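Have a look at protein-v9.cif below; it lists mmCIF, C-alpha atoms and all ligand atoms.
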data_protein
loop_
_atom_site.group_PDB
_atom_site.id
_atom_site.type_symbol
_atom_site.label_atom_id
_atom_site.label_comp_id
_atom_site.auth_asym_id
_atom_site.auth_seq_id
_atom_site.Cartn_x
_atom_site.Cartn_y
_atom_site.Cartn_z
ATOM 1 C CA MET A 647 101.490 90.709 65.912
ATOM 2 C CA ILE A 648 103.373 90.774 69.205
ATOM 3 C CA PHE A 649 102.849 93.477 71.834
ATOM 4 C CA ASP A 650 105.769 93.617 74.266
ATOM 5 C CA THR A 651 104.165 95.412 77.202
ATOM 6 C CA HIS A 652 107.381 95.712 79.253
ATOM 7 C CA ALA A 653 110.865 96.277 77.849
ATOM 8 C CA HIS A 654 114.042 98.165 78.766
ATOM 9 C CA PHE A 655 115.684 98.895 75.415
ATOM 10 C CA ASP A 656 117.404 101.915 76.973
ATOM 11 C CA ASP A 657 119.583 99.442 78.936
ATOM 12 C CA ASP A 658 123.361 99.397 78.276
ATOM 13 C CA ALA A 659 122.987 95.828 76.991
ATOM 14 C CA PHE A 660 121.595 97.330 73.764
ATOM 15 C CA ASP A 661 124.200 100.061 73.275
ATOM 16 C CA GLU A 662 125.936 98.225 70.442
ATOM 17 C CA ASP A 663 122.940 97.478 68.226
ATOM 18 C CA ARG A 664 119.839 99.224 69.645
ATOM 19 C CA ASP A 665 118.856 100.950 66.414
ATOM 20 C CA ASP A 666 119.431 97.903 64.213
ATOM 21 C CA LEU A 667 117.449 95.751 66.577
ATOM 22 C CA LEU A 668 114.505 98.145 66.902
ATOM 23 C CA SER A 669 114.425 98.832 63.166
ATOM 24 C CA GLY A 670 114.026 95.110 62.546
ATOM 25 C CA MET A 671 111.212 94.550 65.031
ATOM 26 C CA ARG A 672 108.370 94.802 62.531
ATOM 27 C CA ASP A 673 109.940 92.113 60.387
ATOM 28 C CA ALA A 674 110.374 90.001 63.509
ATOM 29 C CA GLY A 675 106.620 90.166 64.131
ATOM 30 C CA VAL A 676 106.587 92.830 66.849
ATOM 31 C CA GLU A 677 103.940 95.528 66.498
ATOM 32 C CA TYR A 678 104.194 97.531 69.732
ATOM 33 C CA ILE A 679 106.679 97.958 72.574
ATOM 34 C CA VAL A 680 106.263 99.838 75.836
ATOM 35 C CA ASN A 681 109.671 100.841 77.175
ATOM 36 C CA VAL A 682 109.435 101.083 80.932
ATOM 37 C CA GLY A 683 111.313 103.495 83.181
ATOM 38 C CA ALA A 684 112.799 102.320 86.473
ATOM 39 C CA SER A 685 114.524 105.543 87.575
ATOM 40 C CA MET A 686 114.349 109.223 86.634
ATOM 41 C CA ALA A 687 117.131 108.741 84.073
ATOM 42 C CA SER A 688 115.627 105.647 82.462
ATOM 43 C CA SER A 689 112.178 107.273 82.402
ATOM 44 C CA GLU A 690 113.647 110.128 80.403
ATOM 45 C CA ARG A 691 115.469 107.696 78.099
ATOM 46 C CA SER A 692 112.199 105.790 77.596
ATOM 47 C CA ILE A 693 110.486 108.939 76.359
ATOM 48 C CA LYS A 694 113.370 109.647 73.976
ATOM 49 C CA LEU A 695 113.062 106.135 72.505
ATOM 50 C CA ALA A 696 109.313 106.570 72.147
ATOM 51 C CA GLU A 697 109.833 109.864 70.358
ATOM 52 C CA LYS A 698 112.266 108.221 67.944
ATOM 53 C CA TYR A 699 110.212 105.127 67.085
ATOM 54 C CA GLN A 700 106.557 105.370 66.206
ATOM 55 C CA PHE A 701 105.761 101.865 67.476
ATOM 56 C CA VAL A 702 107.525 102.395 70.829
ATOM 57 C CA TYR A 703 105.638 103.915 73.765
ATOM 58 C CA ALA A 704 106.927 104.827 77.211
ATOM 59 C CA ALA A 705 106.098 104.366 80.874
ATOM 60 C CA VAL A 706 107.616 106.705 83.445
ATOM 61 C CA GLY A 707 108.146 105.836 87.080
ATOM 62 C CA VAL A 708 110.662 104.931 89.736
ATOM 63 C CA HIS A 709 111.293 101.305 90.744
ATOM 64 C CA PRO A 710 111.260 100.475 94.491
ATOM 65 C CA ASP A 711 115.056 99.906 94.448
ATOM 66 C CA GLU A 712 115.531 103.485 93.266
ATOM 67 C CA VAL A 713 113.025 105.440 95.372
ATOM 68 C CA GLY A 714 115.876 106.923 97.417
ATOM 69 C CA GLU A 715 116.288 109.414 94.579
ATOM 70 C CA LEU A 716 112.695 110.648 94.779
ATOM 71 C CA ASP A 717 111.349 113.841 96.286
ATOM 72 C CA GLU A 718 108.259 115.891 95.503
ATOM 73 C CA GLY A 719 110.183 117.862 92.854
ATOM 74 C CA LYS A 720 111.124 114.686 91.014
ATOM 75 C CA LEU A 721 107.559 113.449 91.314
ATOM 76 C CA ASN A 722 106.495 116.664 89.659
ATOM 77 C CA GLN A 723 108.962 115.976 86.847
ATOM 78 C CA LEU A 724 107.337 112.553 86.368
ATOM 79 C CA ARG A 725 103.987 114.350 86.223
ATOM 80 C CA GLU A 726 105.259 116.686 83.482
ATOM 81 C CA TRP A 727 106.728 113.788 81.499
ATOM 82 C CA SER A 728 103.512 111.803 81.798
ATOM 83 C CA LYS A 729 101.680 114.526 79.851
ATOM 84 C CA SER A 730 103.494 113.430 76.678
ATOM 85 C CA PRO A 731 101.126 111.614 74.293
ATOM 86 C CA LYS A 732 103.712 108.815 73.989
ATOM 87 C CA VAL A 733 103.640 108.105 77.734
ATOM 88 C CA LYS A 734 101.047 105.392 78.330
ATOM 89 C CA ALA A 735 101.611 104.303 81.943
ATOM 90 C CA ILE A 736 103.216 105.041 85.295
ATOM 91 C CA GLY A 737 105.846 102.416 86.070
ATOM 92 C CA GLU A 738 107.513 100.459 87.070
ATOM 93 C CA ILE A 739 106.479 101.121 90.647
ATOM 94 C CA GLY A 740 105.917 98.880 93.646
ATOM 95 C CA LEU A 741 107.704 97.007 96.391
ATOM 96 C CA ASP A 742 110.870 94.902 96.281
ATOM 97 C CA TYR A 743 111.827 93.094 99.490
ATOM 98 C CA TYR A 744 114.156 90.729 97.633
ATOM 99 C CA TRP A 745 116.890 93.254 96.898
ATOM 100 C CA ASP A 746 115.592 95.278 99.827
ATOM 101 C CA LYS A 747 117.606 98.320 98.822
ATOM 102 C CA GLU A 748 115.340 100.880 100.471
ATOM 103 C CA LYS A 749 113.426 100.836 103.760
ATOM 104 C CA HIS A 750 109.951 99.354 103.421
ATOM 105 C CA ASP A 751 108.265 102.523 104.662
ATOM 106 C CA LEU A 752 110.018 104.569 102.006
ATOM 107 C CA GLN A 753 109.118 102.057 99.290
ATOM 108 C CA LYS A 754 105.493 102.155 100.410
ATOM 109 C CA HIS A 755 105.424 105.944 100.530
ATOM 110 C CA TRP A 756 106.579 106.343 96.933
ATOM 111 C CA PHE A 757 104.509 103.447 95.666
ATOM 112 C CA LEU A 758 101.439 105.222 97.012
ATOM 113 C CA ARG A 759 102.490 108.648 95.686
ATOM 114 C CA GLN A 760 103.071 107.153 92.229
ATOM 115 C CA MET A 761 99.738 105.298 92.344
ATOM 116 C CA GLU A 762 98.141 108.651 93.110
ATOM 117 C CA LEU A 763 99.975 110.112 90.123
ATOM 118 C CA ALA A 764 98.588 107.357 87.885
ATOM 119 C CA HIS A 765 95.115 108.231 89.140
ATOM 120 C CA GLU A 766 95.648 111.954 88.631
ATOM 121 C CA MET A 767 96.967 111.479 85.074
ATOM 122 C CA GLN A 768 94.355 108.807 84.276
ATOM 123 C CA LEU A 769 97.073 106.336 83.284
ATOM 124 C CA PRO A 770 97.421 102.637 84.098
ATOM 125 C CA MET A 771 100.259 101.543 86.371
ATOM 126 C CA ILE A 772 102.886 98.839 85.978
ATOM 127 C CA VAL A 773 103.461 97.137 89.320
ATOM 128 C CA HIS A 774 106.785 95.543 90.213
ATOM 129 C CA SER A 775 106.503 93.289 93.267
ATOM 130 C CA ARG A 776 109.113 90.845 94.502
ATOM 131 C CA GLU A 777 108.976 88.971 97.815
ATOM 132 C CA ALA A 778 106.386 91.513 98.892
ATOM 133 C CA ALA A 779 103.165 89.671 98.118
ATOM 134 C CA LYS A 780 101.099 90.682 101.132
ATOM 135 C CA ASP A 781 102.074 94.349 101.317
ATOM 136 C CA THR A 782 101.594 94.821 97.579
ATOM 137 C CA LEU A 783 98.152 93.248 97.583
ATOM 138 C CA ASP A 784 97.196 95.266 100.677
ATOM 139 C CA MET A 785 98.276 98.521 99.041
ATOM 140 C CA VAL A 786 96.662 97.830 95.693
ATOM 141 C CA THR A 787 93.466 96.783 97.458
ATOM 142 C CA ALA A 788 93.515 99.912 99.627
ATOM 143 C CA ALA A 789 93.925 102.008 96.461
ATOM 144 C CA LYS A 790 90.700 100.625 94.983
ATOM 145 C CA PRO A 791 88.852 103.936 95.430
ATOM 146 C CA LEU A 792 91.369 105.484 92.995
ATOM 147 C CA GLY A 793 89.896 103.286 90.254
ATOM 148 C CA LEU A 794 93.303 102.303 88.892
ATOM 149 C CA SER A 795 94.022 99.815 86.146
ATOM 150 C CA GLY A 796 97.307 98.167 85.316
ATOM 151 C CA ILE A 797 99.620 95.219 85.044
ATOM 152 C CA ILE A 798 101.110 93.080 87.785
ATOM 153 C CA HIS A 799 104.398 92.753 85.967
ATOM 154 C CA CYS A 800 106.412 89.514 85.917
ATOM 155 C CA TYR A 801 103.727 87.879 88.022
ATOM 156 C CA SER A 802 105.394 85.503 90.499
ATOM 157 C CA TYR A 803 102.838 84.864 93.237
ATOM 158 C CA SER A 804 100.127 82.284 93.929
ATOM 159 C CA VAL A 805 96.849 81.506 92.179
ATOM 160 C CA GLU A 806 95.002 82.815 95.276
ATOM 161 C CA GLN A 807 96.707 86.202 94.978
ATOM 162 C CA ALA A 808 96.157 86.218 91.217
ATOM 163 C CA ARG A 809 92.443 85.792 91.820
ATOM 164 C CA GLU A 810 92.406 88.983 93.913
ATOM 165 C CA TYR A 811 94.161 91.041 91.243
ATOM 166 C CA LEU A 812 92.036 89.600 88.448
ATOM 167 C CA ASN A 813 88.866 90.392 90.393
ATOM 168 C CA MET A 814 90.057 93.992 90.693
ATOM 169 C CA GLY A 815 90.488 94.082 86.905
ATOM 170 C CA TYR A 816 94.271 93.937 86.718
ATOM 171 C CA TYR A 817 96.238 92.182 84.007
ATOM 172 C CA LEU A 818 99.008 89.707 84.775
ATOM 173 C CA GLY A 819 102.286 90.272 82.921
ATOM 174 C CA ILE A 820 103.820 86.985 81.799
ATOM 175 C CA GLY A 821 107.221 86.557 80.175
ATOM 176 C CA GLY A 822 110.146 84.205 79.695
ATOM 177 C CA VAL A 823 109.819 82.594 83.131
ATOM 178 C CA LEU A 824 106.809 80.657 81.799
ATOM 179 C CA THR A 825 109.180 78.584 79.638
ATOM 180 C CA PHE A 826 111.456 77.644 82.554
ATOM 181 C CA LYS A 827 111.324 74.067 83.789
ATOM 182 C CA ASN A 828 110.911 75.109 87.423
ATOM 183 C CA ALA A 829 108.023 77.529 86.772
ATOM 184 C CA LYS A 830 105.343 75.244 88.194
ATOM 185 C CA LYS A 831 103.546 77.967 90.132
ATOM 186 C CA LEU A 832 103.466 80.385 87.195
ATOM 187 C CA LYS A 833 102.129 77.656 84.915
ATOM 188 C CA GLU A 834 99.271 77.117 87.371
ATOM 189 C CA VAL A 835 98.555 80.831 87.364
ATOM 190 C CA ALA A 836 98.665 80.927 83.557
ATOM 191 C CA GLU A 837 96.185 78.079 83.430
ATOM 192 C CA TYR A 838 93.892 79.815 85.891
ATOM 193 C CA ALA A 839 93.926 83.380 84.536
ATOM 194 C CA PRO A 840 91.657 84.171 81.579
ATOM 195 C CA LEU A 841 93.513 85.063 78.382
ATOM 196 C CA SER A 842 91.562 88.331 78.416
ATOM 197 C CA GLN A 843 93.576 89.427 81.473
ATOM 198 C CA ILE A 844 97.064 88.347 80.440
ATOM 199 C CA VAL A 845 99.646 90.495 78.662
ATOM 200 C CA LEU A 846 102.994 89.336 77.315
ATOM 201 C CA GLU A 847 106.250 91.015 78.216
ATOM 202 C CA THR A 848 109.995 90.498 77.982
ATOM 203 C CA ASP A 849 111.495 92.663 80.744
ATOM 204 C CA CYS A 850 114.398 92.614 78.271
ATOM 205 C CA PRO A 851 117.386 92.492 78.422
ATOM 206 C CA TYR A 852 116.465 90.102 81.265
ATOM 207 C CA LEU A 853 114.497 86.863 81.511
ATOM 208 C CA ALA A 854 114.984 85.432 78.034
ATOM 209 C CA PRO A 855 112.774 82.393 77.410
ATOM 210 C CA VAL A 856 114.085 78.898 76.765
ATOM 211 C CA PRO A 857 116.069 78.173 74.518
ATOM 212 C CA PHE A 858 117.757 81.554 75.123
ATOM 213 C CA ARG A 859 117.687 81.398 78.907
ATOM 214 C CA GLY A 860 120.560 83.424 80.382
ATOM 215 C CA LYS A 861 121.183 85.285 77.126
ATOM 216 C CA ARG A 862 120.077 88.787 76.211
ATOM 217 C CA ASN A 863 116.329 88.981 75.680
ATOM 218 C CA ASP A 864 114.426 91.120 73.164
ATOM 219 C CA SER A 865 110.807 91.536 72.061
ATOM 220 C CA SER A 866 110.940 89.082 69.156
ATOM 221 C CA LYS A 867 111.565 86.238 71.621
ATOM 222 C CA ILE A 868 108.049 86.697 73.036
ATOM 223 C CA ALA A 869 107.009 84.215 70.353
ATOM 224 C CA TYR A 870 108.415 81.475 72.612
ATOM 225 C CA VAL A 871 106.361 82.702 75.557
ATOM 226 C CA ALA A 872 103.259 82.784 73.371
ATOM 227 C CA GLU A 873 103.913 79.186 72.372
ATOM 228 C CA ALA A 874 104.241 78.089 75.985
ATOM 229 C CA LEU A 875 101.040 79.905 76.929
ATOM 230 C CA ALA A 876 99.235 78.477 73.891
ATOM 231 C CA ALA A 877 100.166 74.948 75.004
ATOM 232 C CA ILE A 878 98.741 75.647 78.470
ATOM 233 C CA LYS A 879 95.555 77.239 77.111
ATOM 234 C CA GLN A 880 95.249 74.681 74.299
ATOM 235 C CA VAL A 881 94.714 77.316 71.636
ATOM 236 C CA PRO A 882 96.891 78.252 68.625
ATOM 237 C CA SER A 883 99.765 80.588 69.510
ATOM 238 C CA GLU A 884 98.472 83.091 66.897
ATOM 239 C CA GLU A 885 95.388 83.450 69.059
ATOM 240 C CA VAL A 886 97.488 84.086 72.165
ATOM 241 C CA ILE A 887 99.438 86.749 70.277
ATOM 242 C CA ARG A 888 96.279 88.363 68.901
ATOM 243 C CA ILE A 889 94.372 88.479 72.203
ATOM 244 C CA THR A 890 97.325 89.670 74.285
ATOM 245 C CA ASN A 891 97.968 92.376 71.689
ATOM 246 C CA GLU A 892 94.350 93.532 72.032
ATOM 247 C CA ASN A 893 94.703 93.484 75.818
ATOM 248 C CA GLY A 894 97.830 95.632 75.645
ATOM 249 C CA ARG A 895 96.236 98.176 73.313
ATOM 250 C CA LYS A 896 93.125 98.364 75.468
ATOM 251 C CA LEU A 897 95.036 98.845 78.706
ATOM 252 C CA TYR A 898 97.567 101.345 77.345
ATOM 253 C CA ASN A 899 94.955 103.084 75.174
ATOM 254 C CA ILE A 900 96.865 102.643 71.914
HETATM 255 NI NI NI B 1001 111.230 95.768 84.224
#

In structure tokens, what does this structure look like?
Ligand code: NI
Amino acid sequence: MIFDTHAHFDDDAFDEDRDDLLSGMRDAGVEYIVNVGASMASSERSIKLAEKYQFVYAAVGVHPDEVGELDEGKLNQLREWSKSPKVKAIGEIGLDYYWDKEKHDLQKHWFLRQMELAHEMQLPMIVHSREAAKDTLDMVTAAKPLGLSGIIHCYSYSVEQAREYLNMGYYLGIGGVLTFKNAKKLKEVAEYAPLSQIVLETDCPYLAPVPFRGKRNDSSKIAYVAEALAAIKQVPSEEVIRITNENGRKLYNI
């Protein structure tokens, strides 16, 4: 069954039918979901969802666009939250030079502090990186002594960069973008990366796969991503779903 390793079901886009949708996930072939925080508020909402649904787990962390809200007190709150048995990762954390909402130095400071938190709590991290390929790789490489594990979420960089992350033991998070016509680079990465280091994700409500592109995404639509990956790997899509599920459980310790 499907493991959606990165979802945002706390988003407003699900306010109308969140409970109906989540209650139907099992029947739609979804076994596990990790709901990922992007701010203090959404981290807290992620834990609440995980407490309500047995098959939902949470990640807590502050996205690079939101690090302006962080201070050491808030970091301590993340630490307290991460002690919950339903919290399985620190994230999403990283660098975003596309939206460029916060100064790069500030983004780097809190990325490092949250990587250190992941190390301290012995949790994997979920890395968000957009238009920040070099700095992200430099920071993750420099953090090697921390012995971190994790996912490079919504992987969007080159095969050369992928090689570096894979060699350090990271997983690549692949979602709806793989089904887009213009996703040539990601298809090359998907061909290159071993299935044992790929996890599937929605980033829902965003990034719905074809034929739902532009519409609201949800975990059941990962089946379309699995099909696209299966075609690239030339294996049955059931095998893609099974192996990526195992990868997710191994990484998140579920
Ligand atoms: Ni996300």

message = I'd like the interatomic distance between CA of Ala872 (chain A) and CA of Glu884 (chain A), to a tenth of an Å.
response = 8.1 Å

task = Using the chain letters and numbering of this document, enumerate as a ChimeraX atom specification the residues selected by the PyMOL selection byres (((not hetatm)) within 7 of (chain B and resi 1001)).
result = /A:652-654,682,738,849

message = If we count all atoms listed in the file and set the cut-off at 9 Å, which residues sit around Leu741 (chain A), ignoring sequence neighbours fewer than 6 positions away in its own chain? Please answer as a list in words.
response = His709, Pro710, Asp711, His750, Gln753, Lys754, Phe757, Val773, His774, Ser775, Arg776, Glu777, Ala778, Ala779, Asp781 and Thr782 of chain A

message = I'd like the residues picked by the PyMOL selection byres (((chain A and resi 716-729) around 12) and not hetatm) written out as a VMD selection string, using the chain letters and numbers from the file.
response = chain A and resid 683 to 694 703 to 715 730 to 737 748 752 to 753 755 to 771

Output file for the residues above (C-alpha atoms, as a PDB file, in the coordinates of the input):
ATOM      1  CA  GLY A 683     111.313 103.495  83.181  1.00  0.00           C
ATOM      2  CA  ALA A 684     112.799 102.320  86.473  1.00  0.00           C
ATOM      3  CA  SER A 685     114.524 105.543  87.575  1.00  0.00           C
ATOM      4  CA  MET A 686     114.349 109.223  86.634  1.00  0.00           C
ATOM      5  CA  ALA A 687     117.131 108.741  84.073  1.00  0.00           C
ATOM      6  CA  SER A 688     115.627 105.647  82.462  1.00  0.00           C
ATOM      7  CA  SER A 689     112.178 107.273  82.402  1.00  0.00           C
ATOM      8  CA  GLU A 690     113.647 110.128  80.403  1.00  0.00           C
ATOM      9  CA  ARG A 691     115.469 107.696  78.099  1.00  0.00           C
ATOM     10  CA  SER A 692     112.199 105.790  77.596  1.00  0.00           C
ATOM     11  CA  ILE A 693     110.486 108.939  76.359  1.00  0.00           C
ATOM     12  CA  LYS A 694     113.370 109.647  73.976  1.00  0.00           C
ATOM     13  CA  TYR A 703     105.638 103.915  73.765  1.00  0.00           C
ATOM     14  CA  ALA A 704     106.927 104.827  77.211  1.00  0.00           C
ATOM     15  CA  ALA A 705     106.098 104.366  80.874  1.00  0.00           C
ATOM     16  CA  VAL A 706     107.616 106.705  83.445  1.00  0.00           C
ATOM     17  CA  GLY A 707     108.146 105.836  87.080  1.00  0.00           C
ATOM     18  CA  VAL A 708     110.662 104.931  89.736  1.00  0.00           C
ATOM     19  CA  HIS A 709     111.293 101.305  90.744  1.00  0.00           C
ATOM     20  CA  PRO A 710     111.260 100.475  94.491  1.00  0.00           C
ATOM     21  CA  ASP A 711     115.056  99.906  94.448  1.00  0.00           C
ATOM     22  CA  GLU A 712     115.531 103.485  93.266  1.00  0.00           C
ATOM     23  CA  VAL A 713     113.025 105.440  95.372  1.00  0.00           C
ATOM     24  CA  GLY A 714     115.876 106.923  97.417  1.00  0.00           C
ATOM     25  CA  GLU A 715     116.288 109.414  94.579  1.00  0.00           C
ATOM     26  CA  SER A 730     103.494 113.430  76.678  1.00  0.00           C
ATOM     27  CA  PRO A 731     101.126 111.614  74.293  1.00  0.00           C
ATOM     28  CA  LYS A 732     103.712 108.815  73.989  1.00  0.00           C
ATOM     29  CA  VAL A 733     103.640 108.105  77.734  1.00  0.00           C
ATOM     30  CA  LYS A 734     101.047 105.392  78.330  1.00  0.00           C
ATOM     31  CA  ALA A 735     101.611 104.303  81.943  1.00  0.00           C
ATOM     32  CA  ILE A 736     103.216 105.041  85.295  1.00  0.00           C
ATOM     33  CA  GLY A 737     105.846 102.416  86.070  1.00  0.00           C
ATOM     34  CA  GLU A 748     115.340 100.880 100.471  1.00  0.00           C
ATOM     35  CA  LEU A 752     110.018 104.569 102.006  1.00  0.00           C
ATOM     36  CA  GLN A 753     109.118 102.057  99.290  1.00  0.00           C
ATOM     37  CA  HIS A 755     105.424 105.944 100.530  1.00  0.00           C
ATOM     38  CA  TRP A 756     106.579 106.343  96.933  1.00  0.00           C
ATOM     39  CA  PHE A 757     104.509 103.447  95.666  1.00  0.00           C
ATOM     40  CA  LEU A 758     101.439 105.222  97.012  1.00  0.00           C
ATOM     41  CA  ARG A 759     102.490 108.648  95.686  1.00  0.00           C
ATOM     42  CA  GLN A 760     103.071 107.153  92.229  1.00  0.00           C
ATOM     43  CA  MET A 761      99.738 105.298  92.344  1.00  0.00           C
ATOM     44  CA  GLU A 762      98.141 108.651  93.110  1.00  0.00           C
ATOM     45  CA  LEU A 763      99.975 110.112  90.123  1.00  0.00           C
ATOM     46  CA  ALA A 764      98.588 107.357  87.885  1.00  0.00           C
ATOM     47  CA  HIS A 765      95.115 108.231  89.140  1.00  0.00           C
ATOM     48  CA  GLU A 766      95.648 111.954  88.631  1.00  0.00           C
ATOM     49  CA  MET A 767      96.967 111.479  85.074  1.00  0.00           C
ATOM     50  CA  GLN A 768      94.355 108.807  84.276  1.00  0.00           C
ATOM     51  CA  LEU A 769      97.073 106.336  83.284  1.00  0.00           C
ATOM     52  CA  PRO A 770      97.421 102.637  84.098  1.00  0.00           C
ATOM     53  CA  MET A 771     100.259 101.543  86.371  1.00  0.00           C
TER      54      MET A 771
END

Show which residues sit within 9 Å of Asp657 (chain A), as a tab-separated table (two decimals) with C-alpha atoms, in the coordinates of the input. Count all atoms listed in the file, and ignore same-chain residues fewer than 2 positions away.
chain	number	residue	atom	x	y	z
A	654	HIS	CA	114.04	98.16	78.77
A	655	PHE	CA	115.68	98.90	75.42
A	659	ALA	CA	122.99	95.83	76.99
A	660	PHE	CA	121.60	97.33	73.76
A	661	ASP	CA	124.20	100.06	73.28
A	688	SER	CA	115.63	105.65	82.46
A	850	CYS	CA	114.40	92.61	78.27
A	851	PRO	CA	117.39	92.49	78.42

Residue by residue, what does the PyMOL selection byres (((chain A and resi 864) around 7) and not hetatm) grab here? Present the result as an mmCIF file with C-alpha atoms, in the frame of the given file.
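Final file, result.cif:
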data_model
loop_
_atom_site.group_PDB
_atom_site.id
_atom_site.type_symbol
_atom_site.label_atom_id
_atom_site.label_comp_id
_atom_site.auth_asym_id
_atom_site.auth_seq_id
_atom_site.Cartn_x
_atom_site.Cartn_y
_atom_site.Cartn_z
ATOM 1 C CA THR A 848 109.995 90.498 77.982
ATOM 2 C CA CYS A 850 114.398 92.614 78.271
ATOM 3 C CA PRO A 851 117.386 92.492 78.422
ATOM 4 C CA ARG A 862 120.077 88.787 76.211
ATOM 5 C CA ASN A 863 116.329 88.981 75.680
ATOM 6 C CA SER A 865 110.807 91.536 72.061
ATOM 7 C CA SER A 866 110.940 89.082 69.156
ATOM 8 C CA LYS A 867 111.565 86.238 71.621
#

message = Under the rule that only C-alpha atoms are counted, which of A:Gly796, A:Gly894, A:Pro840, A:Gly819 is the nearest residue to Tyr678 (chain A)?
response = A:Gly894

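One distance worth recording is that between CA of Glu847 (chain A) and CA of Ile868 (chain A), which is 7.0 Å.
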
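Going from CA of Pro855 (chain A) to CA of Asn813 (chain A) covers 28.4 Å.
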
Please supply region 847-852 of chain A, rebuilt with all heavy atoms, as a compact mmCIF listing (two decimals), in the frame of the given file.
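Result written to rebuild-v2.txt:
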# COMPACT_ATOMS: atom_id res chain seq x y z
N GLU A 847 105.19 90.04 77.96
CA GLU A 847 106.25 91.02 78.22
C GLU A 847 107.60 90.31 78.18
O GLU A 847 107.68 89.10 78.41
CB GLU A 847 106.05 91.65 79.60
CG GLU A 847 106.03 90.62 80.73
CD GLU A 847 105.90 91.25 82.12
OE1 GLU A 847 105.28 92.31 82.26
OE2 GLU A 847 106.45 90.65 83.06
N THR A 848 108.65 91.09 77.92
CA THR A 848 110.00 90.50 77.98
C THR A 848 110.73 90.84 79.27
O THR A 848 111.44 90.02 79.81
CB THR A 848 110.89 91.01 76.83
OG1 THR A 848 110.86 92.43 76.83
CG2 THR A 848 110.48 90.43 75.52
N ASP A 849 110.59 92.10 79.73
CA ASP A 849 111.50 92.66 80.74
C ASP A 849 112.93 92.63 80.20
O ASP A 849 113.89 92.54 80.96
CB ASP A 849 111.41 91.90 82.08
CG ASP A 849 111.79 92.79 83.26
OD1 ASP A 849 111.76 94.02 83.12
OD2 ASP A 849 112.13 92.25 84.34
N CYS A 850 113.06 92.70 78.87
CA CYS A 850 114.40 92.61 78.27
C CYS A 850 115.25 93.80 78.69
O CYS A 850 114.71 94.87 78.93
CB CYS A 850 114.30 92.51 76.74
SG CYS A 850 113.67 93.97 75.92
N PRO A 851 116.55 93.62 78.88
CA PRO A 851 117.39 92.49 78.42
C PRO A 851 117.31 91.23 79.28
O PRO A 851 118.00 90.27 78.98
CB PRO A 851 118.80 93.09 78.50
CG PRO A 851 118.74 94.06 79.64
CD PRO A 851 117.35 94.67 79.53
N TYR A 852 116.49 91.24 80.33
CA TYR A 852 116.46 90.10 81.26
C TYR A 852 115.44 89.04 80.84
O TYR A 852 114.61 89.27 79.99
CB TYR A 852 116.11 90.60 82.68
CG TYR A 852 116.96 91.77 83.10
CD1 TYR A 852 116.42 93.05 83.19
CD2 TYR A 852 118.32 91.61 83.34
CE1 TYR A 852 117.20 94.14 83.54
CE2 TYR A 852 119.12 92.69 83.68
CZ TYR A 852 118.55 93.96 83.78
OH TYR A 852 119.33 95.02 84.10
